[in-house]
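**Student:** Handing over start-v4.csv, CSV, C-alpha atoms and all ligand atoms.
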```csv
chain,number,residue,atom,x,y,z
A,631,MET,CA,0.0,0.0,0.0
A,632,GLY,CA,1.0,3.6,0.2
A,633,ASP,CA,0.4,6.4,-2.3
A,634,PRO,CA,2.7,6.8,-5.2
A,635,ASP,CA,5.1,9.7,-4.6
A,636,ASP,CA,3.9,13.1,-5.5
A,637,ILE,CA,5.5,13.4,-8.9
A,638,ASP,CA,4.9,17.2,-9.0
A,639,ASP,CA,7.3,17.6,-6.1
A,640,VAL,CA,10.6,18.4,-7.9
A,641,PRO,CA,13.3,17.0,-5.6
A,642,ARG,CA,15.4,19.8,-4.1
A,643,ILE,CA,17.6,20.3,-1.1
A,644,TYR,CA,18.6,23.2,1.1
A,645,VAL,CA,22.4,23.2,1.4
A,646,ALA,CA,23.8,25.2,4.3
A,647,CYS,CA,27.2,26.2,5.4
A,648,LEU,CA,27.8,24.7,8.8
A,649,ALA,CA,30.3,27.4,10.1
A,650,CYS,CA,27.8,30.1,9.4
A,651,TYR,CA,24.9,28.0,10.8
A,652,SER,CA,26.8,27.6,14.1
A,653,ALA,CA,27.5,31.3,14.2
A,654,GLY,CA,23.8,32.0,13.7
A,655,ARG,CA,24.1,33.3,10.2
A,656,LEU,CA,22.0,32.2,7.2
A,657,HIS,CA,24.3,31.0,4.5
A,658,GLY,CA,22.7,28.6,2.1
A,659,ARG,CA,20.3,28.0,-0.8
A,660,TRP,CA,17.9,25.6,-2.4
A,661,PHE,CA,19.2,23.4,-5.2
A,662,ASP,CA,17.2,21.2,-7.6
A,663,VAL,CA,18.5,17.7,-7.4
A,664,GLY,CA,19.0,15.9,-10.7
A,665,THR,CA,20.7,12.6,-11.4
A,666,ASP,CA,24.3,13.9,-11.7
A,667,PRO,CA,26.0,14.3,-8.3
A,668,ASP,CA,29.2,15.7,-9.7
A,669,GLY,CA,27.3,18.4,-11.6
A,670,LEU,CA,25.3,19.3,-8.5
A,671,HIS,CA,28.4,19.5,-6.4
A,672,HIS,CA,29.9,22.0,-8.7
A,673,GLU,CA,26.7,24.0,-8.8
A,674,VAL,CA,26.8,24.1,-5.0
A,675,LEU,CA,30.4,25.1,-5.0
A,676,SER,CA,29.8,27.9,-7.4
A,677,TYR,CA,27.4,29.3,-4.8
A,678,PHE,CA,29.6,28.9,-1.7
A,679,ALA,CA,33.2,28.9,-3.0
A,680,THR,CA,35.3,31.6,-4.6
A,681,GLY,CA,37.4,31.1,-7.7
A,682,CYS,CA,41.1,31.1,-8.3
A,683,GLU,CA,42.9,34.3,-9.0
A,684,THR,CA,42.7,33.8,-12.7
A,685,CYS,CA,39.0,33.0,-12.9
A,686,GLY,CA,37.7,35.4,-10.2
A,687,SER,CA,34.6,33.3,-9.7
A,688,TYR,CA,34.4,29.6,-9.3
A,689,GLU,CA,34.7,27.6,-12.5
A,690,PRO,CA,33.9,23.9,-12.4
A,691,GLU,CA,36.2,23.3,-15.3
A,692,CYS,CA,39.3,24.9,-13.8
A,693,PRO,CA,41.5,22.6,-11.7
A,694,GLU,CA,42.8,25.5,-9.6
A,695,CYS,CA,39.3,26.6,-8.7
A,696,ARG,CA,38.6,23.1,-7.7
A,697,ALA,CA,41.7,22.8,-5.6
A,698,PHE,CA,41.0,26.0,-3.7
A,699,ALA,CA,37.3,25.6,-3.4
A,700,THR,CA,37.4,25.5,0.4
A,701,PRO,CA,37.4,27.2,2.8
A,702,PHE,CA,34.7,29.6,1.5
A,703,PRO,CA,35.1,33.3,1.7
A,704,CYS,CA,33.0,33.2,4.9
A,705,GLY,CA,35.6,30.8,6.4
A,706,GLY,CA,33.2,27.8,6.3
A,707,GLU,CA,34.2,24.5,4.8
A,708,GLU,CA,31.6,21.9,5.7
A,709,LEU,CA,28.2,21.7,4.1
A,710,ALA,CA,25.0,20.1,5.4
A,711,VAL,CA,21.6,19.4,3.9
A,712,HIS,CA,19.2,21.2,6.3
A,713,ASP,CA,16.0,20.6,4.4
A,714,ARG,CA,14.8,18.5,1.5
A,715,GLU,CA,11.7,18.1,-0.6
A,716,GLY,CA,10.5,15.2,-2.7
A,717,LEU,CA,13.4,12.9,-1.5
A,718,GLY,CA,12.0,11.3,1.6
A,719,SER,CA,13.6,11.4,5.0
A,720,ALA,CA,17.3,11.5,4.1
A,721,GLY,CA,19.6,12.7,6.8
A,722,GLU,CA,21.4,16.0,7.0
A,723,GLY,CA,24.7,14.7,5.6
A,724,TYR,CA,26.0,16.3,2.4
A,725,ASP,CA,25.6,13.0,0.5
A,726,LEU,CA,24.9,14.0,-3.1
A,727,GLU,CA,25.6,10.5,-4.4
A,728,HIS,CA,22.7,9.2,-2.4
A,729,LEU,CA,20.4,12.0,-3.1
A,730,CYS,CA,21.0,11.9,-6.9
A,731,ALA,CA,20.6,8.2,-6.8
A,732,VAL,CA,17.2,8.7,-5.2
A,733,ALA,CA,16.3,11.3,-7.9
A,734,ALA,CA,17.3,8.8,-10.5
A,735,LEU,CA,15.0,6.2,-9.0
A,736,LEU,CA,12.1,8.8,-9.0
A,737,GLU,CA,12.9,9.5,-12.7
A,738,ASP,CA,13.0,5.8,-13.6
A,739,PHE,CA,9.9,4.7,-11.7
A,740,PRO,CA,7.5,7.6,-11.9
A,741,GLU,CA,4.4,5.4,-11.3
A,742,ARG,CA,5.8,3.4,-8.3
A,743,PRO,CA,6.0,4.3,-4.6
A,744,VAL,CA,9.7,5.0,-4.7
A,745,LEU,CA,10.1,6.9,-1.5
A,746,ALA,CA,7.9,4.7,0.6
A,747,TYR,CA,9.6,1.6,-0.7
A,748,LEU,CA,13.0,3.2,-0.1
A,749,SER,CA,12.3,3.7,3.6
A,750,GLU,CA,11.0,0.1,3.7
A,751,VAL,CA,14.5,-1.2,2.6
A,752,ASP,CA,16.4,1.2,4.9
A,753,ARG,CA,17.2,3.6,2.1
A,754,ASP,CA,19.4,1.1,0.3
A,755,VAL,CA,19.1,2.5,-3.2
A,756,GLU,CA,20.4,-0.6,-5.0
A,757,GLN,CA,18.0,-2.9,-3.2
A,758,ALA,CA,15.2,-0.4,-3.9
A,759,ARG,CA,16.0,-0.3,-7.6
A,760,GLU,CA,15.9,-4.1,-7.8
A,761,GLY,CA,12.6,-4.4,-5.9
A,762,LEU,CA,10.9,-1.6,-7.8
A,763,ARG,CA,12.0,-3.1,-11.1
A,764,ASP,CA,11.6,-6.9,-10.5
A,765,SER,CA,9.2,-7.4,-7.6
A,766,TYR,CA,6.5,-4.8,-8.0
A,767,ALA,CA,3.0,-6.4,-8.2
A,768,GLY,CA,0.8,-3.4,-8.7
A,769,SER,CA,-1.3,-1.0,-6.7
A,770,TRP,CA,-4.5,-2.2,-5.0
A,771,ASN,CA,-7.2,-0.9,-2.6
A,772,SER,CA,-6.1,-3.6,-0.1
A,773,ALA,CA,-3.8,-6.6,0.2
A,774,ALA,CA,-7.0,-8.7,0.2
A,775,GLU,CA,-8.0,-7.4,-3.2
A,776,TRP,CA,-4.6,-8.3,-4.5
A,777,ALA,CA,-4.8,-11.8,-3.0
A,778,GLU,CA,-8.2,-12.5,-4.6
A,779,SER,CA,-6.9,-11.4,-8.0
A,780,TRP,CA,-3.7,-13.3,-7.6
A,781,ALA,CA,-5.5,-16.5,-6.6
A,782,GLU,CA,-7.7,-16.1,-9.7
A,783,ASP,CA,-4.8,-15.5,-12.0
A,784,ALA,CA,-2.7,-18.4,-10.5
A,785,ASP,CA,-5.8,-20.6,-10.9
A,786,LEU,CA,-5.5,-21.9,-7.4
A,787,GLY,CA,-7.5,-25.1,-6.8
A,788,VAL,CA,-10.3,-25.2,-4.2
A,789,GLU,CA,-8.2,-27.4,-2.0
A,790,GLN,CA,-5.5,-24.7,-1.7
A,791,LEU,CA,-8.1,-22.1,-0.7
A,792,TRP,CA,-10.1,-24.5,1.6
A,793,PRO,CA,-8.3,-23.5,4.8
A,794,TYR,CA,-9.2,-19.9,4.3
A,795,VAL,CA,-13.0,-20.4,3.9
A,796,ASP,CA,-15.0,-18.5,6.5
A,797,TRP,CA,-17.1,-21.4,7.7
A,798,ALA,CA,-18.9,-19.5,10.4
A,799,HIS,CA,-20.0,-17.0,7.8
A,800,PHE,CA,-21.1,-19.8,5.5
A,801,ALA,CA,-23.1,-21.5,8.2
A,802,HIS,CA,-24.7,-18.3,9.3
A,803,ASP,CA,-25.9,-17.6,5.7
A,804,LEU,CA,-27.3,-21.1,5.3
A,805,GLU,CA,-29.2,-20.6,8.5
A,806,LEU,CA,-30.5,-17.2,7.4
A,807,GLY,CA,-31.4,-18.5,4.0
A,808,GLY,CA,-33.7,-21.1,5.6
A,809,ASP,CA,-31.7,-24.2,4.5
A,810,VAL,CA,-31.0,-25.4,8.0
A,811,ARG,CA,-32.2,-25.0,11.6
A,812,THR,CA,-29.9,-25.2,14.6
A,813,VAL,CA,-30.9,-26.4,18.0
A,814,GLU,CA,-28.5,-26.0,20.8
A,815,ALA,CA,-28.8,-28.5,23.6
A,816,GLU,CA,-26.5,-30.2,26.1
A,817,GLY,CA,-23.5,-28.3,24.9
A,818,SER,CA,-23.8,-29.3,21.3
A,819,VAL,CA,-25.3,-27.7,18.2
A,820,HIS,CA,-27.8,-30.0,16.5
A,821,MET,CA,-28.5,-29.5,12.9
A,822,PHE,CA,-31.7,-30.0,11.0
A,823,TRP,CA,-32.4,-29.6,7.3
A,824,ARG,CA,-35.5,-27.6,6.8
B,1,ZN,ZN,29.3,30.4,5.3
B,2,ZN,ZN,40.0,29.0,-11.8
```
Can the structure in the file be given as structure tokens, please?
**Tutor:**
Amino acid sequence: MGDPDDIDDVPRIYVACLACYSAGRLHGRWFDVGTDPDGLHHEVLSYFATGCETCGSYEPECPECRAFATPFPCGGEELAVHDREGLGSAGEGYDLEHLCAVAALLEDFPERPVLAYLSEVDRDVEQAREGLRDSYAGSWNSAAEWAESWAEDADLGVEQLWPYVDWAHFAHDLELGGDVRTVEAEGSVHMFWR
């Protein structure tokens, strides 16, 4: 069960500078999360970091900019993810590999309950991908509804379903329908055809 994830909810994260956060300053921004962790990392750095002397501002393609990306001009070095939308309950760690892998799952399985299933498998992305791809058996109003349909499709014989017959319910209906009469006496139920 569980509703499919809200596909209108574009995955995004709020990345904050920890040094500023500890000092009570707001230093961070929302970033859309795609499927490329490296690209996202450079996008984040181009907001927080400064560039090398040649570039002036941070250029992802420049090795020197990359080498001197931290500390930031504010003195901060560490980043944290302080909020997220459309990605489930990931922690605060700056783990773009994981977050982009989740975004990739959402992109690959738009009709399946990606986030709910992910938390079901302890946010193990590989396990989730396998399950969503190979083990998904559809969306139903209840597990009972699925079981009925599955028993029908699998053409289960009556003897396999026998143990699950609700005999009390059956007997009650026979009684109400006027087929039988029950008389209780001396601790037993005595049955009479009508
Ligand atoms: Zn800062
Ligand atoms: Zn540079």
**Student:** Could you give me the residues within 12 Å of ligand ZN 2 (chain B), counting all atoms listed in the file, as a list in words?
**Tutor:**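 The distance check yields Ser676, Ala679, Thr680, Gly681, Cys682, Glu683, Thr684, Cys685, Gly686, Ser687, Tyr688, Glu689, Pro690, Glu691, Cys692, Pro693, Glu694, Cys695, Arg696, Ala697, Phe698 and Ala699 of chain A.
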**Student:** With 12 Å as the threshold, what does the neighbourhood of (22.2, 20.0, -3.1) contain in terms of residues, counting all atoms listed in the file? Coordinates are those of the file; answer as a count of residues only.
**Tutor:** 46
**Student:** So the first atom is atom CA of A:Pro793 and the second is atom CA of A:Ala777; what is the distance between them in Å, to one decimal place?
**Tutor:** 14.5 Å
**Student:** Counting only C-alpha atoms and all ligand atoms, what are the residues, protein, DNA or RNA alike, that approach ligand ZN 1 (chain B) to within 9 Å? I want them as a PyMOL selection string.
**Tutor:** chain A and resi 646-651+655-658+678+702-709
**Student:** Could you check how far atom CA of A:Trp776 sits from atom CA of A:Val744, in Å to one decimal?
**Tutor:** 19.5 Å
**Student:** Atom CA of A:Gly718 and atom CA of A:Ala746 are how many Å apart?
**Tutor:** 7.8 Å
**Student:** Residues near A:Gly808, anyone? I mean within 12 Å using only C-alpha atoms, not counting same-chain ones fewer than 4 positions away, as a list in words.
**Tutor:**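 Contacts, in chain order: Ala801, His802, Asp803, Leu804, Thr812, Phe822, Trp823 and Arg824 of chain A.
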**Student:** So that I can see what lies close to A:Val755, please list as a short mmCIF file (atom, residue, chain, number, x, y, z; two decimals) with C-alpha atoms, keeping the file's coordinate frame the residues with an atom at most 7 Å from it, counting only C-alpha atoms and leaving out residues fewer than 5 positions away in the same chain.
**Tutor:**
```cif
data_model
loop_
_atom_site.label_atom_id
_atom_site.label_comp_id
_atom_site.auth_asym_id
_atom_site.auth_seq_id
_atom_site.Cartn_x
_atom_site.Cartn_y
_atom_site.Cartn_z
CA ALA A 731 20.60 8.20 -6.80
CA VAL A 732 17.20 8.70 -5.20
CA LEU A 748 13.00 3.20 -0.10
#
```
